[in-house]
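Trainee: Enclosed is the structure file run35.cif (mmCIF, C-alpha atoms).
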data_work
#
loop_
_atom_site.label_atom_id
_atom_site.label_comp_id
_atom_site.auth_asym_id
_atom_site.auth_seq_id
_atom_site.Cartn_x
_atom_site.Cartn_y
_atom_site.Cartn_z
CA MET A 1 -0.40 21.31 -3.81
CA MET A 2 -0.89 17.64 -4.58
CA ARG A 3 2.21 15.43 -4.65
CA ILE A 4 1.95 12.90 -7.48
CA GLY A 5 4.35 10.14 -8.48
CA LEU A 6 4.51 9.00 -12.11
CA PHE A 7 5.38 5.30 -12.30
CA GLY A 8 5.95 4.20 -15.88
CA GLY A 9 6.77 0.73 -17.13
CA THR A 10 5.76 -2.15 -19.30
CA PHE A 11 3.78 -3.84 -16.48
CA ASN A 12 3.89 -7.10 -18.39
CA PRO A 13 2.06 -8.07 -16.21
CA VAL A 14 1.61 -5.84 -13.17
CA HIS A 15 2.43 -7.84 -10.04
CA CYS A 16 2.52 -7.57 -6.26
CA GLY A 17 6.11 -6.30 -6.34
CA HIS A 18 5.04 -3.24 -8.34
CA LEU A 19 2.32 -2.51 -5.79
CA GLU A 20 4.64 -2.95 -2.81
CA VAL A 21 7.33 -0.57 -4.07
CA ALA A 22 4.69 1.98 -5.04
CA ARG A 23 3.38 1.83 -1.46
CA ASP A 24 6.91 2.43 -0.19
CA VAL A 25 7.38 5.49 -2.39
CA LEU A 26 3.93 6.82 -1.51
CA ALA A 27 4.69 6.59 2.21
CA ASP A 28 8.31 7.74 2.20
CA LEU A 29 7.73 10.79 0.02
CA ARG A 30 4.27 11.52 1.43
CA LEU A 31 2.68 11.44 -1.98
CA ASP A 32 -1.03 11.91 -2.50
CA GLN A 33 -1.18 9.67 -5.56
CA VAL A 34 0.89 7.28 -7.64
CA VAL A 35 -0.10 7.09 -11.31
CA PHE A 36 0.86 3.86 -13.08
CA ILE A 37 1.57 4.50 -16.78
CA PRO A 38 1.87 1.45 -19.05
CA ALA A 39 4.00 1.96 -22.15
CA ALA A 40 2.24 1.30 -25.45
CA TYR A 41 5.44 0.62 -27.39
CA PRO A 42 8.37 0.40 -24.96
CA PRO A 43 11.44 1.67 -26.86
CA HIS A 44 13.88 -0.40 -24.75
CA LYS A 45 11.92 -3.68 -24.65
CA VAL A 46 12.14 -6.66 -26.98
CA PRO A 47 8.55 -7.27 -28.21
CA ASP A 48 8.52 -11.04 -27.50
CA TRP A 49 6.01 -11.96 -24.82
CA VAL A 50 4.78 -8.38 -24.38
CA ALA A 51 0.99 -8.45 -24.04
CA ALA A 52 -1.11 -5.96 -25.97
CA ALA A 53 -1.16 -2.51 -24.43
CA GLN A 54 -4.90 -2.62 -23.77
CA ASP A 55 -4.49 -5.93 -21.91
CA ARG A 56 -1.72 -4.48 -19.74
CA LEU A 57 -3.84 -1.41 -18.99
CA ALA A 58 -6.83 -3.60 -18.12
CA MET A 59 -4.71 -5.65 -15.71
CA LEU A 60 -3.47 -2.46 -14.06
CA GLU A 61 -7.01 -1.18 -13.62
CA LEU A 62 -7.99 -4.48 -11.98
CA ALA A 63 -4.95 -4.42 -9.69
CA LEU A 64 -5.56 -0.82 -8.59
CA ALA A 65 -9.36 -0.90 -8.31
CA ASP A 66 -9.45 -1.10 -4.50
CA ARG A 67 -6.41 1.10 -3.90
CA PRO A 68 -7.58 4.73 -3.78
CA TYR A 69 -4.08 6.23 -3.74
CA PHE A 70 -3.15 4.47 -6.99
CA SER A 71 -4.51 5.04 -10.49
CA ALA A 72 -3.69 4.05 -14.07
CA SER A 73 -3.26 6.38 -17.04
CA ASP A 74 -3.64 5.51 -20.71
CA VAL A 75 -1.73 8.61 -21.88
CA GLU A 76 0.95 6.57 -23.66
CA LEU A 77 -1.67 4.39 -25.33
CA GLN A 78 -3.22 7.49 -26.86
CA ARG A 79 0.00 8.45 -28.67
CA SER A 80 1.36 6.81 -31.80
CA GLY A 81 4.93 5.51 -31.96
CA PRO A 82 7.30 4.58 -29.13
CA SER A 83 6.43 5.62 -25.58
CA TYR A 84 9.05 8.19 -24.64
CA THR A 85 9.15 9.29 -21.01
CA ILE A 86 9.90 12.92 -21.82
CA ASP A 87 6.63 13.18 -23.78
CA THR A 88 4.70 11.71 -20.86
CA VAL A 89 6.32 14.05 -18.35
CA ASP A 90 5.56 17.04 -20.59
CA TYR A 91 1.92 15.92 -20.78
CA PHE A 92 1.53 15.67 -17.02
CA LYS A 93 3.34 18.95 -16.41
CA ALA A 94 0.94 20.69 -18.78
CA HIS A 95 -2.09 18.87 -17.36
CA TYR A 96 -1.24 19.59 -13.71
CA TYR A 97 0.45 22.98 -14.19
CA GLY A 98 0.36 24.96 -10.95
CA GLN A 99 -1.66 22.26 -9.16
CA SER A 100 0.78 19.47 -8.30
CA ASP A 101 4.37 18.59 -7.54
CA LEU A 102 5.34 15.73 -9.83
CA PHE A 103 7.96 13.01 -9.29
CA LEU A 104 9.20 10.44 -11.80
CA ILE A 105 9.55 6.97 -10.25
CA MET A 106 11.91 4.35 -11.70
CA GLY A 107 14.10 1.43 -10.74
CA LEU A 108 17.87 1.63 -10.35
CA ASP A 109 18.61 -0.48 -13.43
CA ALA A 110 16.53 1.77 -15.65
CA PHE A 111 18.05 4.91 -14.16
CA LEU A 112 21.60 3.69 -14.83
CA GLU A 113 20.91 3.70 -18.57
CA ILE A 114 18.89 6.91 -18.70
CA ASP A 115 21.52 8.56 -20.89
CA THR A 116 20.24 6.30 -23.71
CA TRP A 117 16.72 7.75 -23.41
CA LYS A 118 15.26 10.38 -25.71
CA SER A 119 15.95 13.95 -24.49
CA TYR A 120 17.36 12.72 -21.19
CA GLU A 121 18.95 16.08 -20.38
CA ALA A 122 15.54 17.75 -20.74
CA LEU A 123 14.14 15.07 -18.44
CA PHE A 124 16.63 15.99 -15.71
CA LYS A 125 15.53 19.61 -16.00
CA ALA A 126 11.82 18.80 -16.07
CA ILE A 127 11.09 16.63 -13.03
CA PRO A 128 12.60 15.24 -9.81
CA MET A 129 13.46 11.55 -10.12
CA VAL A 130 12.92 8.88 -7.47
CA VAL A 131 15.33 5.98 -7.99
CA MET A 132 14.21 2.80 -6.25
CA SER A 133 16.66 0.13 -5.15
CA ARG A 134 16.12 -3.14 -3.33
CA PRO A 135 18.62 -4.42 -0.76
CA ASP A 136 20.30 -7.55 -2.15
CA LYS A 137 20.76 -9.91 0.76
CA GLY A 138 22.23 -12.59 -1.48
CA GLN A 139 25.49 -10.78 -2.15
CA GLN A 140 28.52 -11.18 0.13
CA THR A 141 29.40 -7.56 -0.58
CA PRO A 142 26.08 -5.77 -1.19
CA ALA A 143 26.13 -3.00 -3.76
CA ASN A 144 25.75 0.56 -2.50
CA PRO A 145 22.91 2.03 -4.58
CA ARG A 146 23.59 5.59 -3.48
CA LYS A 147 27.21 5.27 -4.56
CA GLN A 148 26.15 3.73 -7.87
CA ILE A 149 23.83 6.66 -8.51
CA GLU A 150 26.47 9.18 -7.49
CA THR A 151 29.11 7.65 -9.76
CA TYR A 152 26.71 7.49 -12.68
CA LEU A 153 25.48 11.04 -12.22
CA GLN A 154 28.93 12.56 -11.90
CA THR A 155 30.57 10.60 -14.73
CA THR A 156 27.71 10.41 -17.22
CA ILE A 157 25.28 13.26 -16.55
CA SER A 158 27.08 16.13 -14.76
CA ASN A 159 29.90 16.33 -12.23
CA SER A 160 28.01 19.17 -10.52
CA PHE A 161 25.66 16.71 -8.83
CA HIS A 162 26.31 16.40 -5.09
CA TYR A 163 24.54 14.53 -2.31
CA SER A 164 22.77 16.59 0.36
CA LEU A 165 22.63 14.87 3.74
CA GLU A 166 20.06 17.42 4.87
CA TYR A 167 17.60 16.65 2.06
CA GLN A 168 18.68 13.03 1.42
CA ARG A 169 18.97 13.54 -2.32
CA PHE A 170 21.35 14.53 -5.08
CA MET A 171 21.23 18.22 -5.92
CA HIS A 172 22.37 20.20 -8.96
CA PRO A 173 22.34 23.94 -9.73
CA LEU A 174 20.41 23.46 -13.00
CA TYR A 175 18.78 20.01 -12.83
CA GLN A 176 15.98 18.70 -10.66
CA PRO A 177 16.87 16.54 -7.62
CA VAL A 178 17.52 12.81 -7.83
CA ILE A 179 16.15 10.97 -4.79
CA PRO A 180 17.54 7.52 -3.93
CA LEU A 181 15.01 5.36 -2.10
CA ALA A 182 15.35 1.86 -0.67
CA VAL A 183 12.18 -0.18 -1.21
CA THR A 184 10.89 -3.56 -0.09
CA ALA A 185 12.71 -6.50 -1.63
CA LEU A 186 10.23 -9.06 -3.01
CA ALA A 187 11.41 -12.04 -5.04
CA ILE A 188 8.92 -11.31 -7.84
CA SER A 189 9.54 -10.32 -11.43
CA ALA A 190 7.34 -10.10 -14.51
CA THR A 191 9.80 -12.32 -16.36
CA HIS A 192 9.44 -15.06 -13.73
CA ILE A 193 5.65 -14.77 -13.84
CA ARG A 194 5.60 -15.10 -17.64
CA GLU A 195 7.89 -18.12 -17.45
CA ARG A 196 5.63 -19.79 -14.89
CA LEU A 197 2.57 -19.13 -17.03
CA HIS A 198 4.35 -20.47 -20.10
CA GLY A 199 5.08 -23.63 -18.10
CA ASN A 200 1.48 -23.89 -16.82
CA GLN A 201 2.57 -23.18 -13.24
CA SER A 202 0.61 -21.27 -10.60
CA ILE A 203 1.10 -17.52 -10.13
CA GLN A 204 -1.03 -17.38 -6.99
CA SER A 205 0.26 -14.71 -4.55
CA LEU A 206 2.49 -13.20 -7.25
CA VAL A 207 -0.24 -11.05 -8.82
CA PRO A 208 -3.58 -9.74 -7.50
CA ALA A 209 -6.44 -12.22 -7.89
CA GLY A 210 -8.21 -10.10 -10.50
CA VAL A 211 -5.07 -9.98 -12.63
CA ALA A 212 -4.62 -13.76 -12.42
CA ALA A 213 -8.23 -14.28 -13.49
CA TYR A 214 -7.82 -11.87 -16.41
CA ILE A 215 -4.64 -13.60 -17.60
CA LYS A 216 -6.40 -16.97 -17.49
CA LYS A 217 -9.49 -15.69 -19.29
CA ARG A 218 -7.44 -14.04 -22.03
CA GLY A 219 -4.92 -16.86 -22.32
CA LEU A 220 -1.98 -14.49 -21.99
CA TYR A 221 1.70 -15.53 -21.87
CA ARG A 222 1.03 -19.14 -22.92
#
Go ahead and render the structure in this file as structure tokens.
Mentor:
Amino acid sequence: MMRIGLFGGTFNPVHCGHLEVARDVLADLRLDQVVFIPAAYPPHKVPDWVAAAQDRLAMLELALADRPYFSASDVELQRSGPSYTIDTVDYFKAHYYGQSDLFLIMGLDAFLEIDTWKSYEALFKAIPMVVMSRPDKGQQTPANPRKQIETYLQTTISNSFHYSLEYQRFMHPLYQPVIPLAVTALAISATHIRERLHGNQSIQSLVPAGVAAYIKKRGLYR
């Protein structure tokens, strides 16, 4: 059985931080592949400064071209309307039925508002979730991501979630596991990159070279 991680997002633009955390998840969970899935119409994103979906897909393909364990999918670009995660998960489950173990990869901030997502209860039943968190060295009292996840799960989703020390994940009798995972902390964000581009500042080392060249050629985020 293949082990495949589904990594959705706006990727506006994809940057080196995305690639680094995907490498962490790939290694820690011993995945065979991470599939990056750009949202066509992100339901939780304000549309200002969001590049066209085809541009964001093209940048992903450039960023992943020499990384054989990563790939990009246009599944959400092929659907009309907002890009709902449950629809994407259902697609991949049908496409890989009986062939692969699938994992949904997301950041801690996104996970902590998952109860606002379409059919979120069905999502918990459909696929194990990997919740990435970065250690915050700038705080005097660093947040405890595992505790944040535990509190959220038990107060918002179901108080039957419990943490298994043996399996290093939150378990539930009816829902799929939730796997907390610490990933590499890089001081890179898509917002910061867009702001630098808008101010005609360099983004060298923040995005792969091919992505930087594409942004320049297309005049994106100016």
Trainee: With all atoms listed in the file as the counted atoms, please give the residues lying no more than 10 Å from Leu62 (chain A), apart from itself and same-chain residues fewer than 2 positions off, as a PyMOL selection string.
Mentor: chain A and resi 14+56-60+64-67+72+208-214
Trainee: Check the smallest atom-to-atom distance from each of A:Leu206, A:Leu104, A:Ala22, A:Ala40 to Leu123 (chain A) using all atoms listed in the file, then report the winner.
Mentor: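 Under the stated criterion, the closest residue is A:Leu104.
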Trainee: Run the PyMOL selection byres ((chain A and resi 168) around 10) mentally over the shown coordinates, then write out the matched residues as a PyMOL selection string, using the chain letters and numbers from the document.
Mentor: chain A and resi 163-167+169-171+177-181
Trainee: Spell out the residues picked by the PyMOL selection byres ((chain A and resi 19) around 10) here, as a VMD selection string.
Mentor: chain A and resid 14 to 18 20 to 24 36 63 to 64 67 70 207 to 208
Trainee: Between CA of Met106 (chain A) and CA of Ile203 (chain A), what distance in Å does the model show, to one decimal?
Mentor: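 Computing it gives 24.4 Å between the two atoms.
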Trainee: Would you mind reading off the distance between CA of Asn159 (chain A) and CA of Ile127 (chain A), one decimal, in Å?
Mentor: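 That distance, rounded to one decimal, is 18.8 Å.
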Trainee: Convert the output of the PyMOL selection byres ((chain A and resi 131) around 10) on the shown file into explicit residues, formatted as number ranges by chain.
Mentor: A: 25, 104-112, 128-130, 132-133, 145-146, 149, 178-183
Trainee: To one decimal place in Å, what is the distance between CA of Trp117 (chain A) and CA of Ile157 (chain A)?
Mentor: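 CA of Ile157 (chain A) lies at a distance of 12.3 Å from CA of Trp117 (chain A).
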Trainee: Rank A:Pro42, A:Pro173, A:Gly219, A:Gly199 by their smallest atom-to-atom distance to Gly81 (chain A), using all atoms listed in the file, and report the top residue only.
Mentor: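 Using all atoms listed in the file, Gly81 (chain A) sits closest to A:Pro42.
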Trainee: I need the residue nearest Leu26 (chain A) from this list: A:Ala39, A:Leu6, A:Ala143, A:Val50. Use only C-alpha atoms for the distance.
Mentor: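 Closest residue, counting only C-alpha atoms: A:Leu6.
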Trainee: For a quick check of understanding, using only C-alpha atoms, which of A:Leu29, A:Ile37, A:Ile114, A:Ala122 has the smallest distance to Thr88 (chain A)?
Mentor: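 Between A:Leu29, A:Ile37, A:Ile114, A:Ala122, the residue approaching Thr88 (chain A) most closely is A:Ile37.
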Trainee: The residues within 6 Å of (13.0, 21.3, -11.4), using all atoms listed in the file and the coordinates of the file, should be reported as a compact mmCIF listing (two decimals) with C-alpha atoms, in the frame of the given file; which are they?
Mentor:
# COMPACT_ATOMS: atom_id res chain seq x y z
CA LYS A 125 15.53 19.61 -16.00
CA ALA A 126 11.82 18.80 -16.07
CA ILE A 127 11.09 16.63 -13.03
CA GLN A 176 15.98 18.70 -10.66
Trainee: Tell me which protein, DNA and RNA residues are within 10 Å of Thr191 (chain A), counting only C-alpha atoms, leaving out same-chain ones fewer than 5 positions away, and put them as an MDAnalysis selection string.
Mentor: chainID A and resid 12:13 49 196:197
Trainee: Could you turn the residues from that selection into a file that holds C-alpha atoms, as a PDB file, in the coordinates of the input?
Mentor:
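File written: part05.pdb
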ATOM      1  CA  ASN A  12       3.890  -7.100 -18.390  1.00  0.00           C
ATOM      2  CA  PRO A  13       2.060  -8.070 -16.210  1.00  0.00           C
ATOM      3  CA  TRP A  49       6.010 -11.960 -24.820  1.00  0.00           C
ATOM      4  CA  ARG A 196       5.630 -19.790 -14.890  1.00  0.00           C
ATOM      5  CA  LEU A 197       2.570 -19.130 -17.030  1.00  0.00           C
TER       6      LEU A 197
END
Trainee: Ranking A:Tyr152, A:Tyr41, A:Tyr96, A:Phe103 by minimum distance to Glu76 (chain A) and counting all atoms listed in the file, which one comes first?
Mentor: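 Looking only at the distances to Glu76 (chain A), the closest residue turns out to be A:Tyr41.
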Trainee: Complete region 162-192 of chain A at the level of N, CA and C atoms, written as an mmCIF file, in the coordinates of the input.
Mentor:
data_model
loop_
_atom_site.group_PDB
_atom_site.id
_atom_site.type_symbol
_atom_site.label_atom_id
_atom_site.label_comp_id
_atom_site.auth_asym_id
_atom_site.auth_seq_id
_atom_site.Cartn_x
_atom_site.Cartn_y
_atom_site.Cartn_z
ATOM 1 N N HIS A 162 25.745 16.715 -6.395
ATOM 2 C CA HIS A 162 26.310 16.400 -5.090
ATOM 3 C C HIS A 162 25.189 15.902 -4.176
ATOM 4 N N TYR A 163 25.552 15.088 -3.218
ATOM 5 C CA TYR A 163 24.540 14.530 -2.310
ATOM 6 C C TYR A 163 24.354 15.435 -1.105
ATOM 7 N N SER A 164 23.103 15.763 -0.805
ATOM 8 C CA SER A 164 22.770 16.590 0.360
ATOM 9 C C SER A 164 22.291 15.688 1.488
ATOM 10 N N LEU A 165 23.049 15.651 2.582
ATOM 11 C CA LEU A 165 22.630 14.870 3.740
ATOM 12 C C LEU A 165 21.359 15.466 4.357
ATOM 13 N N GLU A 166 21.228 16.761 4.291
ATOM 14 C CA GLU A 166 20.060 17.420 4.870
ATOM 15 C C GLU A 166 18.772 16.991 4.172
ATOM 16 N N TYR A 167 18.812 16.949 2.821
ATOM 17 C CA TYR A 167 17.600 16.650 2.060
ATOM 18 C C TYR A 167 17.554 15.200 1.562
ATOM 19 N N GLN A 168 18.630 14.441 1.798
ATOM 20 C CA GLN A 168 18.680 13.030 1.420
ATOM 21 C C GLN A 168 18.433 12.831 -0.076
ATOM 22 N N ARG A 169 19.120 13.625 -0.871
ATOM 23 C CA ARG A 169 18.970 13.540 -2.320
ATOM 24 C C ARG A 169 20.154 14.193 -3.010
ATOM 25 N N PHE A 170 20.305 13.900 -4.282
ATOM 26 C CA PHE A 170 21.350 14.530 -5.080
ATOM 27 C C PHE A 170 20.826 15.838 -5.644
ATOM 28 N N MET A 171 21.633 16.888 -5.490
ATOM 29 C CA MET A 171 21.230 18.220 -5.920
ATOM 30 C C MET A 171 22.141 18.702 -7.048
ATOM 31 N N HIS A 172 21.619 19.652 -7.823
ATOM 32 C CA HIS A 172 22.370 20.200 -8.960
ATOM 33 C C HIS A 172 21.884 21.629 -9.162
ATOM 34 N N PRO A 173 22.766 22.539 -9.570
ATOM 35 C CA PRO A 173 22.340 23.940 -9.730
ATOM 36 C C PRO A 173 21.333 24.154 -10.858
ATOM 37 N N LEU A 174 21.298 23.265 -11.851
ATOM 38 C CA LEU A 174 20.410 23.460 -13.000
ATOM 39 C C LEU A 174 19.371 22.347 -13.150
ATOM 40 N N TYR A 175 19.672 21.155 -12.667
ATOM 41 C CA TYR A 175 18.780 20.010 -12.830
ATOM 42 C C TYR A 175 17.925 19.796 -11.586
ATOM 43 N N GLN A 176 16.846 19.063 -11.770
ATOM 44 C CA GLN A 176 15.980 18.700 -10.660
ATOM 45 C C GLN A 176 16.670 17.650 -9.773
ATOM 46 N N PRO A 177 16.238 17.511 -8.518
ATOM 47 C CA PRO A 177 16.870 16.540 -7.620
ATOM 48 C C PRO A 177 16.681 15.098 -8.070
ATOM 49 N N VAL A 178 17.617 14.256 -7.644
ATOM 50 C CA VAL A 178 17.520 12.810 -7.830
ATOM 51 C C VAL A 178 17.478 12.199 -6.432
ATOM 52 N N ILE A 179 16.423 11.452 -6.153
ATOM 53 C CA ILE A 179 16.150 10.970 -4.790
ATOM 54 C C ILE A 179 16.329 9.461 -4.724
ATOM 55 N N PRO A 180 17.394 8.965 -4.092
ATOM 56 C CA PRO A 180 17.540 7.520 -3.930
ATOM 57 C C PRO A 180 16.586 7.030 -2.837
ATOM 58 N N LEU A 181 15.983 5.865 -3.068
ATOM 59 C CA LEU A 181 15.010 5.360 -2.100
ATOM 60 C C LEU A 181 15.077 3.834 -2.042
ATOM 61 N N ALA A 182 15.357 3.307 -0.860
ATOM 62 C CA ALA A 182 15.350 1.860 -0.670
ATOM 63 C C ALA A 182 13.905 1.388 -0.514
ATOM 64 N N VAL A 183 13.546 0.334 -1.250
ATOM 65 C CA VAL A 183 12.180 -0.180 -1.210
ATOM 66 C C VAL A 183 12.193 -1.655 -0.820
ATOM 67 N N THR A 184 11.026 -2.177 -0.539
ATOM 68 C CA THR A 184 10.890 -3.560 -0.090
ATOM 69 C C THR A 184 11.377 -4.538 -1.147
ATOM 70 N N ALA A 185 12.179 -5.489 -0.713
ATOM 71 C CA ALA A 185 12.710 -6.500 -1.630
ATOM 72 C C ALA A 185 11.765 -7.699 -1.670
ATOM 73 N N LEU A 186 11.078 -7.890 -2.793
ATOM 74 C CA LEU A 186 10.230 -9.060 -3.010
ATOM 75 C C LEU A 186 10.791 -9.863 -4.170
ATOM 76 N N ALA A 187 10.841 -11.167 -4.003
ATOM 77 C CA ALA A 187 11.410 -12.040 -5.040
ATOM 78 C C ALA A 187 10.363 -12.299 -6.126
ATOM 79 N N ILE A 188 9.942 -11.221 -6.797
ATOM 80 C CA ILE A 188 8.920 -11.310 -7.840
ATOM 81 C C ILE A 188 9.401 -10.510 -9.044
ATOM 82 N N SER A 189 9.255 -11.066 -10.216
ATOM 83 C CA SER A 189 9.540 -10.320 -11.430
ATOM 84 C C SER A 189 8.537 -10.720 -12.505
ATOM 85 N N ALA A 190 8.261 -9.797 -13.413
ATOM 86 C CA ALA A 190 7.340 -10.100 -14.510
ATOM 87 C C ALA A 190 7.883 -11.225 -15.376
ATOM 88 N N THR A 191 9.196 -11.254 -15.555
ATOM 89 C CA THR A 191 9.800 -12.320 -16.360
ATOM 90 C C THR A 191 9.513 -13.689 -15.740
ATOM 91 N N HIS A 192 9.694 -13.799 -14.423
ATOM 92 C CA HIS A 192 9.440 -15.060 -13.730
ATOM 93 C C HIS A 192 7.976 -15.461 -13.843
#
